[in-house]
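*Asks:* Got a structure for you, questions after.
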Amino acid sequence: MSYVLGLTGSIGMGKTTTAGFFRQAGIPVWDADDAVHRLYAKGGAAVPALGSLRAEAIRDGEVDRSALKNWIADDPDALGKIENVVHPLVAADRMEFLNHHAEADLVVLDIPLLFETGGDARVNGVLVVSASPDIQKQRVLERETMTEEMFENILQRQIPDAEKRARADFVIETEGLEQTAKDVEALIERLIGETHA
C-alpha cells in the first residue's frame with residue numbers, strides 16, 4: 001500500500017519545482033492541473049460532456065478555456081455545472097493513477113486547491129510548500145500573463161499560507177533550490193522508511 005502524499009501550496013510558492021524534485025527522485029507524481037489539461041484536450045473525456053452543456057465552449061475539438069471563463073462571467077450557475085462534469089473525471093483520473101502505482105512505496109498528488117476542495121481527507125499526509133510573501137509576489141509577477149490585480153484575486157480564493165502551514169503534516173521552504181531539493185530527499189527517505197517500518 002502506497003503512502004499518498006498531498007502536495008499543495010499557494011500560487012508562487014514553488015509547488016511545480018518541488019513536484020519536479022519528487023519526479024527526479026523516481027517518485028510517481030499526479031498533477032491535478034495536467035489532468036484537467038488532458039481532459040480538455042482533443043479526445044479528452046470532458047470535451048463531449050462540456051460540449052453538450054454549452055456548444056460554444058468547444059473549439060477545434062477541444063475545450064476553449066476563454067469561452068469557459070466568459071460563460072462563468074455571464075452565468076452564475078456555470079461554474080457549478082462545469083465542476084459537476086469535471087470533478088468526477090479528475091477523480092477518476094486520480095484513481096487510475098493510484099491503481100497504476102499501487103506497488104510504489106510513495107506517490108505524490110500535486111493538487112493546488114487541496115485544502116479548499118477537501119482533498120486532504122483522501123491522503124495520508126500533506127506537504128505544504130511555502131516562501132516569504134515578498135518572494136511569492138516576485139515569482140508570480142514575473143509571469144508574463146499576471147497582473148497585481150489578478151494575483152490579489154487568486155490570493156482571495158486560496159486559504160492563507162499561515163493556515164495551510166498550520167494544517168500541514170510537513171512544510172518545505174522553497175527559497176533556495178538546493179535546500180528545497182535536500183528537504184525533498186530527506187522527506188522521501190523518512191516516508192519510505194515509515195512505509196517499511
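Ordering of the C-alpha cells sets the chain letters (A, B, ...); residue numbers start at 1 within each chain; ligands are numbered from 1 in the order shown.
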Identify, on the basis of only C-alpha atoms, every residue whose closest approach to Ser66 in chain A does not exceed 10 Å; exclude the query and any residue fewer than 5 positions from it along the same chain; express the result as a PyMOL selection string.
*Replies:* chain A and resi 57+71-72
*Asks:* Store the residues picked out above in a file with N, CA and C atoms, as a short mmCIF file (atom, residue, chain, number, x, y, z; two decimals), in the first residue's frame.
*Replies:*
data_model
loop_
_atom_site.label_atom_id
_atom_site.label_comp_id
_atom_site.auth_asym_id
_atom_site.auth_seq_id
_atom_site.Cartn_x
_atom_site.Cartn_y
_atom_site.Cartn_z
N ALA A 57 -18.38 26.27 -25.95
CA ALA A 57 -17.20 26.02 -25.10
C ALA A 57 -16.18 25.12 -25.80
N TRP A 71 -18.39 32.22 -20.09
CA TRP A 71 -19.63 31.58 -19.64
C TRP A 71 -19.78 31.76 -18.12
N ILE A 72 -18.69 31.54 -17.38
CA ILE A 72 -18.72 31.70 -15.92
C ILE A 72 -19.05 33.16 -15.56
#
*Asks:* Would you please extract all alpha helix (DSSP H) residues from range 62-102 of chain A, as assigned by DSSP on the backbone, and give them as a count of residues only?
*Replies:* 33
*Asks:* Do you know which residues are at most 12 Å from Ala166 in chain A counting only C-alpha atoms, after dropping those on the same chain fewer than 4 positions away, and could you put them as a VMD selection string?
*Replies:* chain A and resid 115 126 to 130 159 to 162 170 to 171
*Asks:* Please, could you write that set of residues out with C-alpha atoms as a compact mmCIF listing (two decimals), in the first residue's frame?
*Replies:*
# COMPACT_ATOMS: atom_id res chain seq x y z
CA PHE A 115 -7.49 22.04 1.39
CA VAL A 126 0.00 16.84 3.44
CA LEU A 127 3.15 18.69 2.37
CA VAL A 128 2.78 22.46 2.08
CA VAL A 129 5.45 24.40 0.19
CA SER A 130 5.98 27.94 1.33
CA ILE A 159 -6.64 29.58 2.04
CA PRO A 160 -3.93 31.84 3.57
CA ASP A 161 -0.41 30.41 3.69
CA ALA A 162 -0.25 30.57 7.51
CA PHE A 170 5.14 18.68 6.55
CA VAL A 171 6.33 22.11 5.39
*Asks:* May I have the residues within 12 Å of Val184 in chain A as a ChimeraX atom specification, using only C-alpha atoms and disregarding those fewer than 6 positions away in the same chain?
*Replies:* /A:5,7,15,17-27,108,127-129,170-174,177-178,190-191
*Asks:* Where in chain A does DSSP assign strand (DSSP E), given as number ranges by chain?
*Replies:* A: 3-8, 29-31, 58-59, 62-63, 106-110, 125-130, 170-173
*Asks:* Given the selection you just returned, output its residues as a file containing N, CA, C and O atoms, formatted as a JSON list (two decimals), in the first residue's frame.
*Replies:*
[["chain", "number", "residue", "atom", "x", "y", "z"],
["A", 3, "TYR", "N", 2.15, 5.12, 0.43],
["A", 3, "TYR", "CA", 1.89, 6.31, 1.23],
["A", 3, "TYR", "C", 1.52, 7.40, 0.23],
["A", 3, "TYR", "O", 2.29, 7.70, -0.68],
["A", 4, "VAL", "N", 0.34, 7.99, 0.39],
["A", 4, "VAL", "CA", -0.13, 9.01, -0.54],
["A", 4, "VAL", "C", 0.10, 10.38, 0.09],
["A", 4, "VAL", "O", -0.51, 10.72, 1.11],
["A", 5, "LEU", "N", 1.02, 11.14, -0.51],
["A", 5, "LEU", "CA", 1.37, 12.47, 0.00],
["A", 5, "LEU", "C", 0.68, 13.53, -0.86],
["A", 5, "LEU", "O", 0.87, 13.58, -2.07],
["A", 6, "GLY", "N", -0.13, 14.38, -0.23],
["A", 6, "GLY", "CA", -0.73, 15.50, -0.94],
["A", 6, "GLY", "C", 0.24, 16.67, -0.93],
["A", 6, "GLY", "O", 0.75, 17.04, 0.13],
["A", 7, "LEU", "N", 0.53, 17.22, -2.09],
["A", 7, "LEU", "CA", 1.44, 18.37, -2.22],
["A", 7, "LEU", "C", 0.61, 19.59, -2.59],
["A", 7, "LEU", "O", -0.14, 19.56, -3.58],
["A", 8, "THR", "N", 0.73, 20.64, -1.80],
["A", 8, "THR", "CA", -0.04, 21.85, -2.10],
["A", 8, "THR", "C", 0.74, 23.07, -1.65],
["A", 8, "THR", "O", 1.79, 22.96, -1.02],
["A", 29, "VAL", "N", 4.30, 11.15, -9.57],
["A", 29, "VAL", "CA", 3.57, 12.37, -9.20],
["A", 29, "VAL", "C", 2.36, 12.53, -10.12],
["A", 29, "VAL", "O", 2.51, 12.49, -11.35],
["A", 30, "TRP", "N", 1.20, 12.71, -9.51],
["A", 30, "TRP", "CA", -0.02, 13.03, -10.28],
["A", 30, "TRP", "C", -0.28, 14.51, -10.12],
["A", 30, "TRP", "O", -0.27, 15.04, -9.01],
["A", 31, "ASP", "N", -0.51, 15.18, -11.23],
["A", 31, "ASP", "CA", -0.69, 16.63, -11.24],
["A", 31, "ASP", "C", -2.13, 16.95, -11.63],
["A", 31, "ASP", "O", -2.56, 16.65, -12.75],
["A", 58, "ILE", "N", -16.57, 24.55, -26.96],
["A", 58, "ILE", "CA", -15.66, 23.65, -27.68],
["A", 58, "ILE", "C", -15.21, 24.32, -28.98],
["A", 58, "ILE", "O", -16.03, 24.81, -29.74],
["A", 59, "ARG", "N", -13.89, 24.33, -29.18],
["A", 59, "ARG", "CA", -13.35, 24.88, -30.43],
["A", 59, "ARG", "C", -12.27, 23.92, -30.94],
["A", 59, "ARG", "O", -11.39, 23.52, -30.19],
["A", 62, "GLU", "N", -11.51, 20.75, -28.90],
["A", 62, "GLU", "CA", -11.05, 20.79, -27.51],
["A", 62, "GLU", "C", -11.76, 21.90, -26.76],
["A", 62, "GLU", "O", -12.39, 22.77, -27.36],
["A", 63, "VAL", "N", -11.67, 21.84, -25.43],
["A", 63, "VAL", "CA", -12.36, 22.84, -24.60],
["A", 63, "VAL", "C", -11.61, 24.17, -24.72],
["A", 63, "VAL", "O", -10.39, 24.22, -24.58],
["A", 106, "LEU", "N", 5.73, 5.26, -2.24],
["A", 106, "LEU", "CA", 5.29, 6.64, -2.05],
["A", 106, "LEU", "C", 4.79, 7.20, -3.38],
["A", 106, "LEU", "O", 5.44, 7.00, -4.41],
["A", 107, "VAL", "N", 3.65, 7.86, -3.34],
["A", 107, "VAL", "CA", 3.17, 8.60, -4.51],
["A", 107, "VAL", "C", 2.78, 10.00, -4.05],
["A", 107, "VAL", "O", 2.43, 10.21, -2.88],
["A", 108, "VAL", "N", 2.86, 10.96, -4.96],
["A", 108, "VAL", "CA", 2.54, 12.34, -4.65],
["A", 108, "VAL", "C", 1.36, 12.80, -5.50],
["A", 108, "VAL", "O", 1.34, 12.56, -6.71],
["A", 109, "LEU", "N", 0.38, 13.43, -4.85],
["A", 109, "LEU", "CA", -0.73, 14.06, -5.56],
["A", 109, "LEU", "C", -0.53, 15.57, -5.47],
["A", 109, "LEU", "O", -0.63, 16.14, -4.38],
["A", 110, "ASP", "N", -0.22, 16.19, -6.60],
["A", 110, "ASP", "CA", 0.04, 17.63, -6.67],
["A", 110, "ASP", "C", -1.30, 18.33, -6.95],
["A", 110, "ASP", "O", -1.80, 18.29, -8.06],
["A", 125, "GLY", "N", -0.86, 12.13, 4.21],
["A", 125, "GLY", "CA", -0.19, 13.29, 4.80],
["A", 125, "GLY", "C", -0.17, 14.42, 3.79],
["A", 125, "GLY", "O", -0.31, 14.20, 2.59],
["A", 126, "VAL", "N", 0.00, 15.66, 4.31],
["A", 126, "VAL", "CA", 0.00, 16.84, 3.44],
["A", 126, "VAL", "C", 1.34, 17.58, 3.58],
["A", 126, "VAL", "O", 1.77, 17.88, 4.69],
["A", 127, "LEU", "N", 1.94, 17.86, 2.43],
["A", 127, "LEU", "CA", 3.15, 18.69, 2.37],
["A", 127, "LEU", "C", 2.75, 20.05, 1.80],
["A", 127, "LEU", "O", 2.20, 20.12, 0.70],
["A", 128, "VAL", "N", 3.02, 21.10, 2.56],
["A", 128, "VAL", "CA", 2.78, 22.46, 2.08],
["A", 128, "VAL", "C", 4.13, 23.08, 1.76],
["A", 128, "VAL", "O", 5.07, 23.03, 2.56],
["A", 129, "VAL", "N", 4.24, 23.65, 0.54],
["A", 129, "VAL", "CA", 5.45, 24.40, 0.19],
["A", 129, "VAL", "C", 5.17, 25.88, 0.43],
["A", 129, "VAL", "O", 4.06, 26.36, 0.22],
["A", 130, "SER", "N", 6.20, 26.58, 0.90],
["A", 130, "SER", "CA", 5.98, 27.94, 1.33],
["A", 130, "SER", "C", 7.23, 28.79, 1.08],
["A", 130, "SER", "O", 8.33, 28.26, 0.96],
["A", 170, "PHE", "N", 3.75, 18.33, 6.88],
["A", 170, "PHE", "CA", 5.14, 18.68, 6.55],
["A", 170, "PHE", "C", 5.14, 20.03, 5.84],
["A", 170, "PHE", "O", 4.23, 20.32, 5.08],
["A", 171, "VAL", "N", 6.17, 20.84, 6.09],
["A", 171, "VAL", "CA", 6.33, 22.11, 5.39],
["A", 171, "VAL", "C", 7.74, 22.16, 4.84],
["A", 171, "VAL", "O", 8.71, 21.84, 5.54],
["A", 172, "ILE", "N", 7.87, 22.54, 3.57],
["A", 172, "ILE", "CA", 9.19, 22.75, 2.96],
["A", 172, "ILE", "C", 9.25, 24.19, 2.47],
["A", 172, "ILE", "O", 8.37, 24.65, 1.75],
["A", 173, "GLU", "N", 10.31, 24.90, 2.90],
["A", 173, "GLU", "CA", 10.55, 26.26, 2.42],
["A", 173, "GLU", "C", 11.22, 26.15, 1.05],
["A", 173, "GLU", "O", 12.12, 25.33, 0.87]]
*Asks:* Considering only C-alpha atoms, state which residue in the set A:Thr180, A:Glu56, A:Ala49, A:Arg94 is at the smallest distance from Lys69 in chain A.
*Replies:*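 Under the stated criterion, the closest residue is A:Glu56.
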*Asks:* Could you check which of A:Val90, A:Gly12, A:Met1, A:Asn99 is closest to Arg143 in chain A, using only C-alpha atoms?
*Replies:*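 With only C-alpha atoms as the atom set, the closest residue is A:Gly12.
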*Asks:* Find the residue from A:Thr195, A:Ala41, A:Ala73, A:Ala46 that sits nearest to Asn124 in chain A; use only C-alpha atoms when measuring.
*Replies:* A:Thr195
*Asks:* Would you mind telling me which residue in A:Leu113, A:Ile192, A:Ala121, A:Ile154 lies nearest to Lys137 in chain A when using only C-alpha atoms?
*Replies:* A:Ile154
*Asks:* To one decimal in Å, tell me the separation between CA of Tyr40 in chain A and CA of Asp64 in chain A.
*Replies:*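 Value for the CA of Tyr40 in chain A-CA of Asp64 in chain A distance: 8.0 Å.
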*Asks:* Report the distance between CA of Ile82 in chain A and CA of Leu50 in chain A in Å, rounded to one decimal place.
*Replies:*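 Computed distance, CA of Ile82 in chain A to CA of Leu50 in chain A, equals 7.0 Å.
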